[in-house]
file protein30.cif (mmCIF, C-alpha atoms)
data_input
loop_
_atom_site.label_atom_id
_atom_site.label_comp_id
_atom_site.auth_asym_id
_atom_site.auth_seq_id
_atom_site.Cartn_x
_atom_site.Cartn_y
_atom_site.Cartn_z
CA MET A 1 75.68 92.19 73.97
CA ASN A 2 76.39 93.57 77.42
CA LEU A 3 79.82 93.45 79.00
CA ILE A 4 78.16 94.24 82.34
CA SER A 5 75.04 92.24 83.17
CA ARG A 6 71.70 94.05 82.83
CA ARG A 7 70.70 92.72 86.26
CA THR A 8 73.53 94.72 87.80
CA PHE A 9 71.56 97.91 87.17
CA ALA A 10 68.17 99.08 88.40
CA ASN A 11 66.93 100.23 84.98
CA ASP A 12 67.61 99.93 81.26
CA GLN A 13 68.86 103.50 80.96
CA ASP A 14 71.76 102.90 83.34
CA SER A 15 72.56 99.55 81.74
CA ILE A 16 72.77 101.12 78.27
CA LEU A 17 74.90 104.03 79.49
CA TYR A 18 77.46 102.06 81.50
CA ASN A 19 77.70 99.28 78.93
CA ARG A 20 78.45 101.92 76.32
CA ILE A 21 81.29 103.12 78.55
CA ALA A 22 82.42 99.53 79.13
CA TRP A 23 82.54 98.78 75.39
CA ARG A 24 84.56 101.95 74.83
CA ILE A 25 87.31 101.29 77.40
CA LEU A 26 87.37 97.61 78.46
CA PRO A 27 88.33 95.89 75.14
CA PHE A 28 91.21 98.32 74.67
CA LEU A 29 92.43 97.92 78.26
CA PHE A 30 92.12 94.16 77.83
CA VAL A 31 94.55 94.24 74.89
CA LEU A 32 96.98 96.34 76.94
CA TYR A 33 96.76 93.81 79.77
CA VAL A 34 97.48 90.85 77.47
CA VAL A 35 100.55 92.63 76.09
CA ALA A 36 101.70 93.41 79.65
CA PHE A 37 101.57 89.76 80.68
CA LEU A 38 103.27 88.55 77.51
CA ASP A 39 106.14 90.98 78.13
CA ARG A 40 106.35 89.85 81.75
CA VAL A 41 106.48 86.08 81.18
CA ASN A 42 108.31 85.76 77.85
CA VAL A 43 111.67 85.72 79.66
CA GLY A 44 110.88 82.18 80.83
CA PHE A 45 110.69 81.00 77.23
CA ALA A 46 113.67 83.11 76.14
CA LYS A 47 115.79 81.33 78.76
CA LEU A 48 115.59 78.11 76.75
CA GLN A 49 118.02 79.65 74.22
CA MET A 50 119.38 82.71 76.00
CA ALA A 51 120.98 80.91 78.97
CA ALA A 52 123.67 79.23 76.87
CA ASP A 53 124.34 82.34 74.79
CA ILE A 54 125.05 84.68 77.72
CA GLY A 55 126.23 82.19 80.36
CA LEU A 56 123.11 82.43 82.56
CA SER A 57 122.84 79.81 85.32
CA ASP A 58 119.52 78.68 86.78
CA MET A 59 120.20 80.61 90.00
CA ALA A 60 121.15 83.74 88.06
CA PHE A 61 118.00 83.43 85.97
CA GLY A 62 115.84 83.06 89.09
CA PHE A 63 117.36 86.17 90.61
CA GLY A 64 117.00 88.16 87.41
CA ALA A 65 113.40 87.07 86.91
CA GLY A 66 112.57 88.04 90.48
CA VAL A 67 114.39 91.38 90.52
CA PHE A 68 111.66 92.61 88.17
CA PHE A 69 109.29 92.63 91.15
CA LEU A 70 111.72 94.63 93.30
CA GLY A 71 111.74 97.46 90.78
CA TYR A 72 107.98 97.10 90.36
CA CYS A 73 107.29 97.32 94.09
CA LEU A 74 109.65 100.21 94.82
CA PHE A 75 107.99 102.50 92.28
CA GLU A 76 104.38 101.28 92.52
CA ILE A 77 103.00 103.91 94.90
CA PRO A 78 104.86 106.91 93.35
CA SER A 79 103.67 105.82 89.91
CA ASN A 80 100.05 105.54 90.98
CA MET A 81 100.10 108.94 92.67
CA MET A 82 101.55 110.47 89.51
CA LEU A 83 98.73 108.91 87.49
CA GLN A 84 96.18 110.69 89.64
CA LYS A 85 98.10 113.95 89.35
CA VAL A 86 98.85 114.07 85.61
CA GLY A 87 95.95 111.95 84.32
CA ALA A 88 95.53 108.36 83.18
CA ARG A 89 96.00 109.03 79.47
CA LEU A 90 99.44 110.62 79.76
CA TRP A 91 100.76 108.35 82.51
CA ILE A 92 99.64 105.03 81.00
CA THR A 93 101.20 106.22 77.74
CA ARG A 94 104.47 106.82 79.60
CA ILE A 95 104.30 103.42 81.30
CA MET A 96 103.69 101.46 78.11
CA VAL A 97 106.20 103.23 75.90
CA ALA A 98 108.91 102.94 78.57
CA TRP A 99 108.32 99.26 79.29
CA GLY A 100 108.08 98.47 75.55
CA ILE A 101 111.45 100.10 74.88
CA ILE A 102 113.09 98.29 77.80
CA SER A 103 111.49 94.95 76.92
CA THR A 104 112.73 95.30 73.35
CA SER A 105 116.18 96.23 74.67
CA MET A 106 116.36 92.82 76.34
CA MET A 107 117.45 91.53 72.92
CA PHE A 108 120.84 93.20 73.55
CA VAL A 109 121.51 91.38 76.85
CA SER A 110 125.03 89.93 76.77
CA SER A 111 125.76 88.96 80.38
CA PRO A 112 123.99 88.14 83.65
CA THR A 113 124.69 91.67 84.90
CA SER A 114 122.99 93.34 81.95
CA PHE A 115 120.12 90.87 82.38
CA TYR A 116 119.68 91.93 86.03
CA ILE A 117 119.78 95.64 85.17
CA LEU A 118 117.21 95.47 82.38
CA ARG A 119 114.86 93.24 84.37
CA PHE A 120 114.97 95.71 87.27
CA LEU A 121 114.37 98.66 84.93
CA LEU A 122 111.48 96.78 83.32
CA GLY A 123 109.86 96.48 86.74
CA VAL A 124 110.39 100.20 87.35
CA ALA A 125 108.87 101.07 83.97
CA GLU A 126 105.82 98.80 84.38
CA ALA A 127 105.14 99.91 87.96
CA GLY A 128 101.71 101.44 88.27
CA PHE A 129 100.13 99.83 85.22
CA TYR A 130 97.64 97.44 86.81
CA PRO A 131 96.72 99.62 89.82
CA GLY A 132 96.52 102.53 87.40
CA VAL A 133 94.01 100.63 85.28
CA VAL A 134 92.02 99.67 88.41
CA LEU A 135 92.00 103.32 89.49
CA TYR A 136 90.98 104.37 85.98
CA LEU A 137 87.90 102.12 86.15
CA THR A 138 86.79 103.85 89.35
CA TYR A 139 86.63 107.08 87.32
CA TRP A 140 84.10 105.57 84.92
CA LEU A 141 82.10 102.76 86.55
CA PRO A 142 80.12 102.69 89.81
CA SER A 143 81.49 100.34 92.46
CA TYR A 144 78.79 97.71 91.95
CA ALA A 145 79.79 97.28 88.28
CA GLN A 146 83.57 97.27 88.71
CA SER A 147 83.98 93.56 89.47
CA GLN A 148 82.72 92.61 86.01
CA GLY A 149 84.96 95.25 84.47
CA LEU A 150 87.96 93.82 86.31
CA ALA A 151 86.92 90.32 85.23
CA CYS A 152 87.08 91.41 81.59
CA LEU A 153 90.59 92.77 82.14
CA SER A 154 91.76 89.78 84.16
CA LEU A 155 90.84 87.54 81.24
CA GLY A 156 94.12 88.89 79.88
CA VAL A 157 95.93 86.63 82.35
CA GLY A 158 94.16 83.59 80.94
CA ILE A 159 94.62 84.64 77.32
CA ALA A 160 98.31 85.39 77.87
CA GLY A 161 98.67 82.01 79.60
CA VAL A 162 96.97 80.24 76.69
CA ILE A 163 98.76 81.94 73.78
CA GLY A 164 102.06 82.98 75.37
CA GLY A 165 103.80 79.61 75.20
CA PRO A 166 102.85 78.63 71.64
CA LEU A 167 103.49 82.17 70.34
CA SER A 168 106.89 82.48 71.99
CA GLY A 169 107.93 79.02 70.83
CA TRP A 170 106.85 79.78 67.26
CA ILE A 171 108.80 83.06 67.17
CA MET A 172 111.97 81.51 68.59
CA GLN A 173 111.82 78.56 66.19
CA THR A 174 110.78 80.47 63.05
CA PHE A 175 113.04 83.52 63.30
CA ALA A 176 116.17 81.86 64.75
CA GLY A 177 119.22 83.04 62.81
CA MET A 178 117.29 85.53 60.67
CA GLY A 179 119.24 88.76 60.27
CA GLY A 180 122.03 87.32 62.39
CA LEU A 181 119.84 87.35 65.50
CA ALA A 182 119.04 84.45 67.78
CA GLY A 183 115.45 83.30 68.26
CA TRP A 184 115.29 84.73 71.79
CA GLN A 185 116.38 88.15 70.48
CA TRP A 186 113.55 88.13 67.96
CA LEU A 187 111.19 87.15 70.79
CA PHE A 188 112.01 90.27 72.82
CA LEU A 189 111.86 92.47 69.72
CA LEU A 190 108.51 91.24 68.37
CA GLU A 191 106.76 91.04 71.76
CA GLY A 192 108.16 94.36 73.00
CA LEU A 193 107.25 96.58 70.04
CA PRO A 194 103.44 96.24 70.48
CA ALA A 195 103.70 97.91 73.90
CA VAL A 196 105.39 100.96 72.35
CA ILE A 197 102.81 101.20 69.56
CA LEU A 198 99.83 100.73 71.88
CA GLY A 199 101.27 103.23 74.33
CA ILE A 200 101.11 105.91 71.63
CA VAL A 201 97.54 104.86 70.78
CA VAL A 202 96.58 105.27 74.47
CA PHE A 203 97.33 108.99 74.30
CA PHE A 204 94.84 109.53 71.49
CA TYR A 205 92.18 106.99 72.50
CA LEU A 206 91.65 107.19 76.28
CA ASP A 207 89.93 110.08 78.05
CA ASP A 208 90.99 110.93 81.60
CA ARG A 209 87.54 111.30 83.16
CA PRO A 210 83.88 111.66 82.19
CA GLY A 211 82.41 115.11 81.85
CA LYS A 212 83.20 116.37 78.36
CA VAL A 213 83.97 113.27 76.30
CA ARG A 214 82.74 113.36 72.71
CA TRP A 215 81.43 109.78 72.56
CA LEU A 216 78.81 110.50 75.26
CA SER A 217 76.00 113.03 74.98
CA LYS A 218 75.95 116.08 77.23
CA GLU A 219 73.22 114.46 79.34
CA GLN A 220 75.12 111.17 79.62
CA ASN A 221 78.31 112.96 80.66
CA ALA A 222 76.39 114.83 83.34
CA LYS A 223 74.70 111.66 84.62
CA VAL A 224 77.96 109.70 84.99
CA VAL A 225 79.60 112.58 86.84
CA ALA A 226 76.55 112.96 89.11
CA ASP A 227 76.31 109.20 89.79
CA LEU A 228 79.96 108.83 90.73
CA ASP A 229 79.98 112.02 92.79
CA ARG A 230 76.90 110.83 94.67
CA GLN A 231 78.59 107.49 95.27
CA ARG A 232 81.75 109.19 96.57
CA GLN A 233 79.76 111.33 99.00
CA SER A 234 77.83 108.31 100.22
CA PHE A 235 80.99 106.32 100.85
CA GLU A 236 82.48 109.25 102.75
CA LYS A 237 79.36 109.50 104.92
CA ALA A 238 79.61 105.75 105.53
CA GLY A 239 83.14 106.25 106.83
CA ALA A 240 85.27 105.67 103.73
CA THR A 241 88.79 107.07 104.05
CA HIS A 242 89.69 109.79 101.55
CA THR A 243 93.13 111.25 102.40
CA PHE A 244 96.49 109.83 101.33
CA GLY A 245 97.93 109.41 104.83
CA SER A 246 94.79 107.98 106.38
CA ALA A 247 94.75 105.14 103.84
CA PHE A 248 97.78 103.60 105.56
CA ARG A 249 95.95 103.64 108.89
CA HIS A 250 92.89 101.84 107.56
CA ARG A 251 92.63 98.36 109.10
CA GLY A 252 90.45 97.03 106.30
CA LEU A 253 93.04 98.06 103.72
CA TRP A 254 95.77 96.07 105.47
CA CYS A 255 93.50 93.04 105.48
CA LEU A 256 93.11 93.41 101.71
CA VAL A 257 96.89 93.82 101.37
CA PHE A 258 97.47 90.47 103.10
CA VAL A 259 94.75 88.72 101.10
CA ASN A 260 96.17 90.03 97.82
CA PHE A 261 99.69 88.93 98.83
CA ALA A 262 98.43 85.40 99.59
CA LEU A 263 96.53 85.20 96.31
CA LEU A 264 99.53 86.33 94.28
CA CYS A 265 101.73 83.83 96.12
CA GLY A 266 99.33 81.10 95.07
CA THR A 267 98.96 82.36 91.51
CA TYR A 268 102.66 82.95 90.81
CA GLY A 269 103.71 79.84 92.71
CA VAL A 270 101.48 77.66 90.55
CA SER A 271 102.09 79.57 87.31
CA PHE A 272 105.88 79.52 87.61
CA TRP A 273 106.04 75.79 88.37
CA LEU A 274 103.02 74.62 86.38
CA PRO A 275 105.01 73.24 83.42
CA GLN A 276 107.24 71.22 85.75
CA ILE A 277 104.25 69.97 87.74
CA ILE A 278 102.56 68.84 84.54
CA ARG A 279 105.69 67.21 83.11
CA SER A 280 106.11 65.29 86.36
CA LEU A 281 102.68 63.71 85.80
CA GLY A 282 103.80 61.92 82.65
CA GLU A 283 106.02 62.18 79.58
CA GLN A 284 104.96 64.83 77.05
CA THR A 285 106.48 66.94 74.32
CA LEU A 286 107.08 70.63 75.04
CA LEU A 287 104.07 71.55 72.90
CA GLN A 288 101.85 69.11 74.80
CA THR A 289 103.09 70.52 78.11
CA GLY A 290 102.29 74.04 76.91
CA LEU A 291 98.81 73.09 75.76
CA ILE A 292 98.01 71.25 79.01
CA SER A 293 99.36 74.19 81.01
CA ALA A 294 96.78 76.41 79.30
CA ILE A 295 93.83 74.39 80.66
CA PRO A 296 93.87 75.77 84.26
CA PHE A 297 94.05 79.33 82.91
CA ALA A 298 91.13 78.71 80.55
CA VAL A 299 88.99 77.20 83.32
CA GLY A 300 89.96 80.00 85.69
CA SER A 301 88.99 82.65 83.15
CA VAL A 302 85.48 81.23 82.72
CA CYS A 303 84.92 80.94 86.49
CA MET A 304 86.24 84.47 86.98
CA LEU A 305 83.56 85.91 84.69
CA ILE A 306 80.78 83.92 86.37
CA VAL A 307 81.79 84.90 89.90
CA GLY A 308 82.36 88.54 88.90
CA LYS A 309 78.89 88.84 87.36
CA HIS A 310 77.19 87.22 90.34
CA SER A 311 79.10 89.42 92.79
CA ASP A 312 78.09 92.59 90.93
CA ARG A 313 74.47 91.48 90.57
CA THR A 314 74.12 90.69 94.29
CA ARG A 315 76.41 93.61 95.27
CA GLU A 316 78.22 91.34 97.71
CA ARG A 317 82.01 91.08 97.90
CA ARG A 318 83.18 89.51 101.15
CA TRP A 319 81.75 86.01 100.77
CA HIS A 320 82.35 85.84 97.03
CA ALA A 321 86.03 86.57 97.68
CA SER A 322 86.46 84.37 100.77
CA LEU A 323 84.74 81.34 99.22
CA SER A 324 86.78 81.72 96.03
CA ILE A 325 89.98 81.82 98.10
CA LEU A 326 88.81 78.74 100.00
CA ALA A 327 88.35 76.98 96.64
CA ALA A 328 91.93 77.93 95.76
CA CYS A 329 93.10 76.44 99.06
CA LEU A 330 91.21 73.22 98.35
CA GLY A 331 92.64 73.00 94.83
CA LEU A 332 96.21 73.52 96.04
CA THR A 333 95.80 70.89 98.76
CA LEU A 334 94.31 68.30 96.41
CA SER A 335 96.88 68.95 93.67
CA ALA A 336 99.62 68.18 96.19
CA ALA A 337 97.87 65.10 97.56
CA LEU A 338 96.91 63.62 94.17
CA GLN A 339 100.27 63.75 92.38
CA ALA A 340 99.97 60.03 91.60
CA ASN A 341 96.81 60.61 89.52
CA PRO A 342 97.50 62.92 86.54
CA PHE A 343 93.85 63.59 85.72
CA LEU A 344 92.78 64.40 89.29
CA CYS A 345 95.90 66.51 89.86
CA LEU A 346 95.18 68.57 86.73
CA PHE A 347 91.54 68.91 87.81
CA SER A 348 92.72 70.16 91.21
CA LEU A 349 95.03 72.69 89.59
CA CYS A 350 92.04 73.97 87.61
CA ILE A 351 90.15 74.47 90.89
CA ALA A 352 93.13 76.30 92.38
CA MET A 353 93.52 78.65 89.43
CA ALA A 354 89.75 79.23 89.22
CA GLY A 355 89.68 80.17 92.90
CA CYS A 356 92.62 82.55 92.65
CA LEU A 357 91.45 84.35 89.51
CA SER A 358 87.81 84.58 90.69
CA ALA A 359 88.87 86.09 94.01
CA PHE A 360 91.03 88.74 92.32
CA ASN A 361 88.13 90.44 90.54
CA VAL A 362 85.99 90.70 93.64
CA LEU A 363 88.93 91.71 95.83
CA TRP A 364 89.91 94.61 93.59
CA ALA A 365 86.38 95.99 93.59
CA ILE A 366 86.55 96.47 97.39
CA PRO A 367 89.15 99.29 97.81
CA GLY A 368 86.83 101.76 96.06
CA THR A 369 84.19 101.14 98.76
CA LEU A 370 86.63 101.65 101.64
CA LEU A 371 88.61 104.57 100.23
CA THR A 372 87.91 107.68 98.19
CA GLY A 373 89.97 110.49 96.68
CA SER A 374 93.76 110.22 96.93
CA ALA A 375 93.36 107.40 99.47
CA THR A 376 92.05 105.16 96.67
CA ALA A 377 95.23 105.63 94.64
CA ALA A 378 97.41 105.05 97.70
CA GLY A 379 95.45 101.99 98.81
CA ILE A 380 95.46 100.33 95.38
CA ALA A 381 99.19 100.98 95.00
CA LEU A 382 99.90 99.57 98.47
CA MET A 383 97.95 96.41 97.69
CA THR A 384 99.86 95.91 94.45
CA THR A 385 103.25 96.77 95.96
CA VAL A 386 103.06 94.28 98.81
CA GLY A 387 101.14 91.74 96.74
CA ASN A 388 103.75 91.60 94.00
CA LEU A 389 106.36 90.58 96.54
CA GLY A 390 104.54 87.28 96.30
CA GLY A 391 105.73 87.12 92.70
CA TYR A 392 109.25 86.79 94.04
CA ALA A 393 108.62 84.97 97.33
CA SER A 394 106.46 82.04 96.24
CA PRO A 395 108.46 80.77 93.22
CA PHE A 396 111.66 81.07 95.30
CA MET A 397 110.00 79.20 98.19
CA MET A 398 108.77 76.46 95.87
CA GLY A 399 112.27 76.02 94.43
CA TRP A 400 113.89 75.98 97.86
CA VAL A 401 111.43 73.40 99.20
CA LYS A 402 111.92 71.17 96.16
CA GLN A 403 115.69 71.38 96.41
CA ALA A 404 115.67 70.69 100.15
CA SER A 405 113.11 67.86 100.16
CA GLY A 406 112.88 66.63 96.60
CA HIS A 407 109.11 67.06 96.74
CA LEU A 408 107.43 69.96 94.95
CA GLU A 409 104.07 69.10 96.55
CA TYR A 410 105.34 70.29 99.96
CA GLY A 411 105.48 73.80 98.54
CA LEU A 412 101.88 73.46 97.37
CA TYR A 413 100.85 72.60 100.93
CA ILE A 414 102.51 75.80 102.17
CA LEU A 415 100.65 77.85 99.56
CA ALA A 416 97.41 76.11 100.58
CA ALA A 417 97.97 77.09 104.21
CA LEU A 418 98.62 80.71 103.20
CA THR A 419 95.45 80.92 101.12
CA PHE A 420 93.45 79.34 103.96
CA ALA A 421 94.63 82.13 106.28
CA ALA A 422 93.64 84.68 103.60
CA ALA A 423 90.16 83.15 103.36
CA LEU A 424 89.71 83.53 107.11
CA VAL A 425 90.88 87.15 107.06
CA MET A 426 88.54 87.93 104.17
CA ALA A 427 85.58 86.26 105.87
CA ARG A 428 86.11 88.29 109.05
CA MET A 429 86.22 91.65 107.27
CA ARG A 430 83.29 93.93 107.98
CA PRO A 431 81.47 94.47 104.68
CA GLN A 432 80.97 98.01 103.41
CA SER A 433 77.34 98.67 102.57
CA GLN A 434 76.28 100.03 99.21
CA PRO A 435 75.76 103.78 99.34
CA ALA A 436 72.19 104.66 100.19
CA ALA A 437 72.21 107.82 98.13
CA LEU A 438 73.21 105.94 95.03
CA ALA A 439 70.67 103.23 95.66
CA ALA A 440 68.00 105.88 95.97
CA SER A 441 68.96 107.29 92.60
CA HIS A 442 67.93 104.01 90.99
#
call {"tool": "encode", "arguments": {"input": "protein30.cif", "output": "structure tokens"}}
result
Amino acid sequence: MNLISRRTFANDQDSILYNRIAWRILPFLFVLYVVAFLDRVNVGFAKLQMAADIGLSDMAFGFGAGVFFLGYCLFEIPSNMMLQKVGARLWITRIMVAWGIISTSMMFVSSPTSFYILRFLLGVAEAGFYPGVVLYLTYWLPSYAQSQGLACLSLGVGIAGVIGGPLSGWIMQTFAGMGGLAGWQWLFLLEGLPAVILGIVVFFYLDDRPGKVRWLSKEQNAKVVADLDRQRQSFEKAGATHTFGSAFRHRGLWCLVFVNFALLCGTYGVSFWLPQIIRSLGEQTLLQTGLISAIPFAVGSVCMLIVGKHSDRTRERRWHASLSILAACLGLTLSAALQANPFLCLFSLCIAMAGCLSAFNVLWAIPGTLLTGSATAAGIALMTTVGNLGGYASPFMMGWVKQASGHLEYGLYILAALTFAAALVMARMRPQSQPAALAASH
């Protein structure tokens, strides 16, 4: 079974080689990504019990949840540059162990102030993880195969969305009072420890770059290094930026930064308010709400894989991304307009999530074609830094609009307008051609 479609490659030899690499690194990175999202979102479930215990108001919780992204954004670029300097294995180990310890320490929160501090530190600790993983893939896979690799990783969002609610609810209900600890304290403990354990495993399992790895033959090591070096040279000849400072002057990069910000606004805006949107459609139990909330993530995950494979096979990014974003815009608009019909509203939310998640994979395969060298690390970090501000802005905007107007759907219209602008920007970007030298090698 191939993780990367055979049709992506020009011959069987390349397909076998790069799928061997994919099977070595992608399943492990996928598990890391699932754990990352569980640690990020479990605070929403912990609030159900924690708020009364530590005197946490809704406004205080919103600020504390959002301050995570401030710490994340402030340290995103420095973290990604350190990854390139010291190596992926050591730096991802540091990231995971640090965030696991801090996430576990959330069980000792006793006041809103300590909640704010630990949430900020959690953002600082986790900064650089996703862009670091994206950068790591560029060390191992050619650009035309990266979208499918990213799709495999991004499935972690869907899996975390599907299992996070039921798992967190089960832990809080089952372990409440055990050992004198509240259910929410057990939640932080049991969902934080895996990050520490996996962080240690990273150090022994991942290799920084191809060249001398034991699980590839000498010839395979040499071929991967030659392929990626040929690709880098071709991109540089085609005008790809390669220095740290020049990345910030690249117009195409800033277009990607805006598109990523809009997509994350849509994704976090819907994800944060999805349970409330679904509960407003009809009366359900909490378990039913959680199960229904998983449907858009499941649909989005399937569409993400399909779009990623087709984008890699055709080696086209711009229209795959822009049309996916346009689908997200349509889904957001319809979900706001069809609030009176539960089935059609849920169907529209599935379209919105499918569009957002499908666009992400293709979008994150583009920086490696515009930038090389240290510029790639800088560009990826910049995209993530600015984009994650959407994780704070859109849920806050949705809450403010609902409080001011009494209508949550007005916020969905605003997100739809933002994603429509992103689709236009993406469609107008000048596509980067595949490197001729690499194509000739096939």
call {"tool": "resolve_selection", "arguments": {"input": "protein30.cif", "expression": "the PyMOL selection byres ((chain A and resi 314-323) around 6)", "output": "list in words"}}
result
Tyr144, Ser311, Asp312, Arg313, Ser324, Ile325, Leu326, Ala359, Val362, Ala423, Met426 and Ala427 of chain A
call {"tool": "closest_residue", "arguments": {"input": "protein30.cif", "among": "A:Val133, A:Cys255, A:Ile295, A:Ile92", "to": "Phe203 in chain A", "atoms": "only C-alpha atoms"}}
result
A:Ile92
call {"tool": "residues_around", "arguments": {"input": "protein30.cif", "residues": "Leu137 in chain A", "least_positions_apart": "4", "cutoff": "12 Å", "atoms": "all atoms listed in the file", "output": "mmCIF file with C-alpha atoms, in the coordinates of the input"}}
result
data_model
loop_
_atom_site.group_PDB
_atom_site.id
_atom_site.type_symbol
_atom_site.label_atom_id
_atom_site.label_comp_id
_atom_site.auth_asym_id
_atom_site.auth_seq_id
_atom_site.Cartn_x
_atom_site.Cartn_y
_atom_site.Cartn_z
ATOM 1 C CA TYR A 18 77.460 102.060 81.500
ATOM 2 C CA ILE A 21 81.290 103.120 78.550
ATOM 3 C CA ALA A 22 82.420 99.530 79.130
ATOM 4 C CA ARG A 24 84.560 101.950 74.830
ATOM 5 C CA ILE A 25 87.310 101.290 77.400
ATOM 6 C CA LEU A 26 87.370 97.610 78.460
ATOM 7 C CA LEU A 29 92.430 97.920 78.260
ATOM 8 C CA ALA A 88 95.530 108.360 83.180
ATOM 9 C CA TYR A 130 97.640 97.440 86.810
ATOM 10 C CA PRO A 131 96.720 99.620 89.820
ATOM 11 C CA GLY A 132 96.520 102.530 87.400
ATOM 12 C CA VAL A 133 94.010 100.630 85.280
ATOM 13 C CA LEU A 141 82.100 102.760 86.550
ATOM 14 C CA PRO A 142 80.120 102.690 89.810
ATOM 15 C CA SER A 143 81.490 100.340 92.460
ATOM 16 C CA TYR A 144 78.790 97.710 91.950
ATOM 17 C CA ALA A 145 79.790 97.280 88.280
ATOM 18 C CA GLN A 146 83.570 97.270 88.710
ATOM 19 C CA SER A 147 83.980 93.560 89.470
ATOM 20 C CA GLN A 148 82.720 92.610 86.010
ATOM 21 C CA GLY A 149 84.960 95.250 84.470
ATOM 22 C CA LEU A 150 87.960 93.820 86.310
ATOM 23 C CA ALA A 151 86.920 90.320 85.230
ATOM 24 C CA CYS A 152 87.080 91.410 81.590
ATOM 25 C CA LEU A 153 90.590 92.770 82.140
ATOM 26 C CA LEU A 206 91.650 107.190 76.280
ATOM 27 C CA ASP A 207 89.930 110.080 78.050
ATOM 28 C CA ASP A 208 90.990 110.930 81.600
ATOM 29 C CA ARG A 209 87.540 111.300 83.160
ATOM 30 C CA PRO A 210 83.880 111.660 82.190
ATOM 31 C CA LEU A 228 79.960 108.830 90.730
ATOM 32 C CA TRP A 364 89.910 94.610 93.590
ATOM 33 C CA ALA A 365 86.380 95.990 93.590
ATOM 34 C CA GLY A 368 86.830 101.760 96.060
ATOM 35 C CA THR A 376 92.050 105.160 96.670
ATOM 36 C CA ALA A 377 95.230 105.630 94.640
#
call {"tool": "closest_atom_pairs", "arguments": {"input": "protein30.cif", "of": "range 341-417 of chain A", "to": "range 300-307 of chain A", "cutoff": "12 Å", "atoms": "all atoms listed in the file", "output": "JSON lines"}}
result
{"residue": "A:Phe347", "atom": "CA", "partner": "A:Gly300", "partner_atom": "CA", "distance": 11.4}
{"residue": "A:Ser348", "atom": "CA", "partner": "A:Gly300", "partner_atom": "CA", "distance": 11.6}
{"residue": "A:Leu349", "atom": "CA", "partner": "A:Gly300", "partner_atom": "CA", "distance": 9.7}
{"residue": "A:Cys350", "atom": "CA", "partner": "A:Gly300", "partner_atom": "CA", "distance": 6.7}
{"residue": "A:Ile351", "atom": "CA", "partner": "A:Gly300", "partner_atom": "CA", "distance": 7.6}
{"residue": "A:Ala352", "atom": "CA", "partner": "A:Gly300", "partner_atom": "CA", "distance": 8.3}
{"residue": "A:Met353", "atom": "CA", "partner": "A:Gly300", "partner_atom": "CA", "distance": 5.3}
{"residue": "A:Ala354", "atom": "CA", "partner": "A:Gly300", "partner_atom": "CA", "distance": 3.6}
{"residue": "A:Gly355", "atom": "CA", "partner": "A:Gly300", "partner_atom": "CA", "distance": 7.2}
{"residue": "A:Cys356", "atom": "CA", "partner": "A:Gly300", "partner_atom": "CA", "distance": 7.9}
{"residue": "A:Leu357", "atom": "CA", "partner": "A:Met304", "partner_atom": "CA", "distance": 5.8}
{"residue": "A:Ser358", "atom": "CA", "partner": "A:Met304", "partner_atom": "CA", "distance": 4.0}
{"residue": "A:Ala359", "atom": "CA", "partner": "A:Met304", "partner_atom": "CA", "distance": 7.7}
{"residue": "A:Phe360", "atom": "CA", "partner": "A:Met304", "partner_atom": "CA", "distance": 8.3}
{"residue": "A:Asn361", "atom": "CA", "partner": "A:Met304", "partner_atom": "CA", "distance": 7.2}
{"residue": "A:Val362", "atom": "CA", "partner": "A:Val307", "partner_atom": "CA", "distance": 8.1}
{"residue": "A:Leu363", "atom": "CA", "partner": "A:Val307", "partner_atom": "CA", "distance": 11.5}
call {"tool": "residues_around", "arguments": {"input": "protein30.cif", "residues": "Phe75 in chain A", "least_positions_apart": "6", "cutoff": "8 Å", "atoms": "all atoms listed in the file", "output": "ChimeraX atom specification"}}
result
/A:124,127-128
call {"tool": "residues_around", "arguments": {"input": "protein30.cif", "residues": "Leu38 in chain A", "least_positions_apart": "5", "cutoff": "12 Å", "atoms": "all atoms listed in the file", "output": "ChimeraX atom specification"}}
result
/A:31-33,43-46,99-100,103,156-168,187-188,190-195
call {"tool": "closest_residue", "arguments": {"input": "protein30.cif", "among": "A:Val259, A:Ala416, A:Ala340, A:Gly123", "to": "Ala327 in chain A", "atoms": "all atoms listed in the file"}}
result
A:Ala416
call {"tool": "resolve_selection", "arguments": {"input": "protein30.cif", "expression": "the PyMOL selection byres ((chain A and resi 389) around 10)", "output": "compact mmCIF listing (two decimals) with C-alpha atoms, in the coordinates of the input"}}
result
# COMPACT_ATOMS: atom_id res chain seq x y z
CA GLY A 66 112.57 88.04 90.48
CA PHE A 69 109.29 92.63 91.15
CA LEU A 70 111.72 94.63 93.30
CA TYR A 72 107.98 97.10 90.36
CA CYS A 73 107.29 97.32 94.09
CA PHE A 261 99.69 88.93 98.83
CA ALA A 262 98.43 85.40 99.59
CA LEU A 264 99.53 86.33 94.28
CA CYS A 265 101.73 83.83 96.12
CA THR A 384 99.86 95.91 94.45
CA THR A 385 103.25 96.77 95.96
CA VAL A 386 103.06 94.28 98.81
CA GLY A 387 101.14 91.74 96.74
CA ASN A 388 103.75 91.60 94.00
CA GLY A 390 104.54 87.28 96.30
CA GLY A 391 105.73 87.12 92.70
CA TYR A 392 109.25 86.79 94.04
CA ALA A 393 108.62 84.97 97.33
CA SER A 394 106.46 82.04 96.24
call {"tool": "atom_distance", "arguments": {"input": "protein30.cif", "atom1": "CA of Gly87 in chain A", "atom2": "CA of Phe28 in chain A"}}
result
17.4 Å
call {"tool": "resolve_selection", "arguments": {"input": "protein30.cif", "expression": "the PyMOL selection byres ((chain A and resi 226) around 12)", "output": "list of chain:residue names"}}
result
A:Tyr139, A:Trp140, A:Leu141, A:Pro142, A:Pro210, A:Gly211, A:Glu219, A:Gln220, A:Asn221, A:Ala222, A:Lys223, A:Val224, A:Val225, A:Asp227, A:Leu228, A:Asp229, A:Arg230, A:Gln231, A:Arg232, A:Gln233, A:Ala437, A:Leu438, A:Ser441
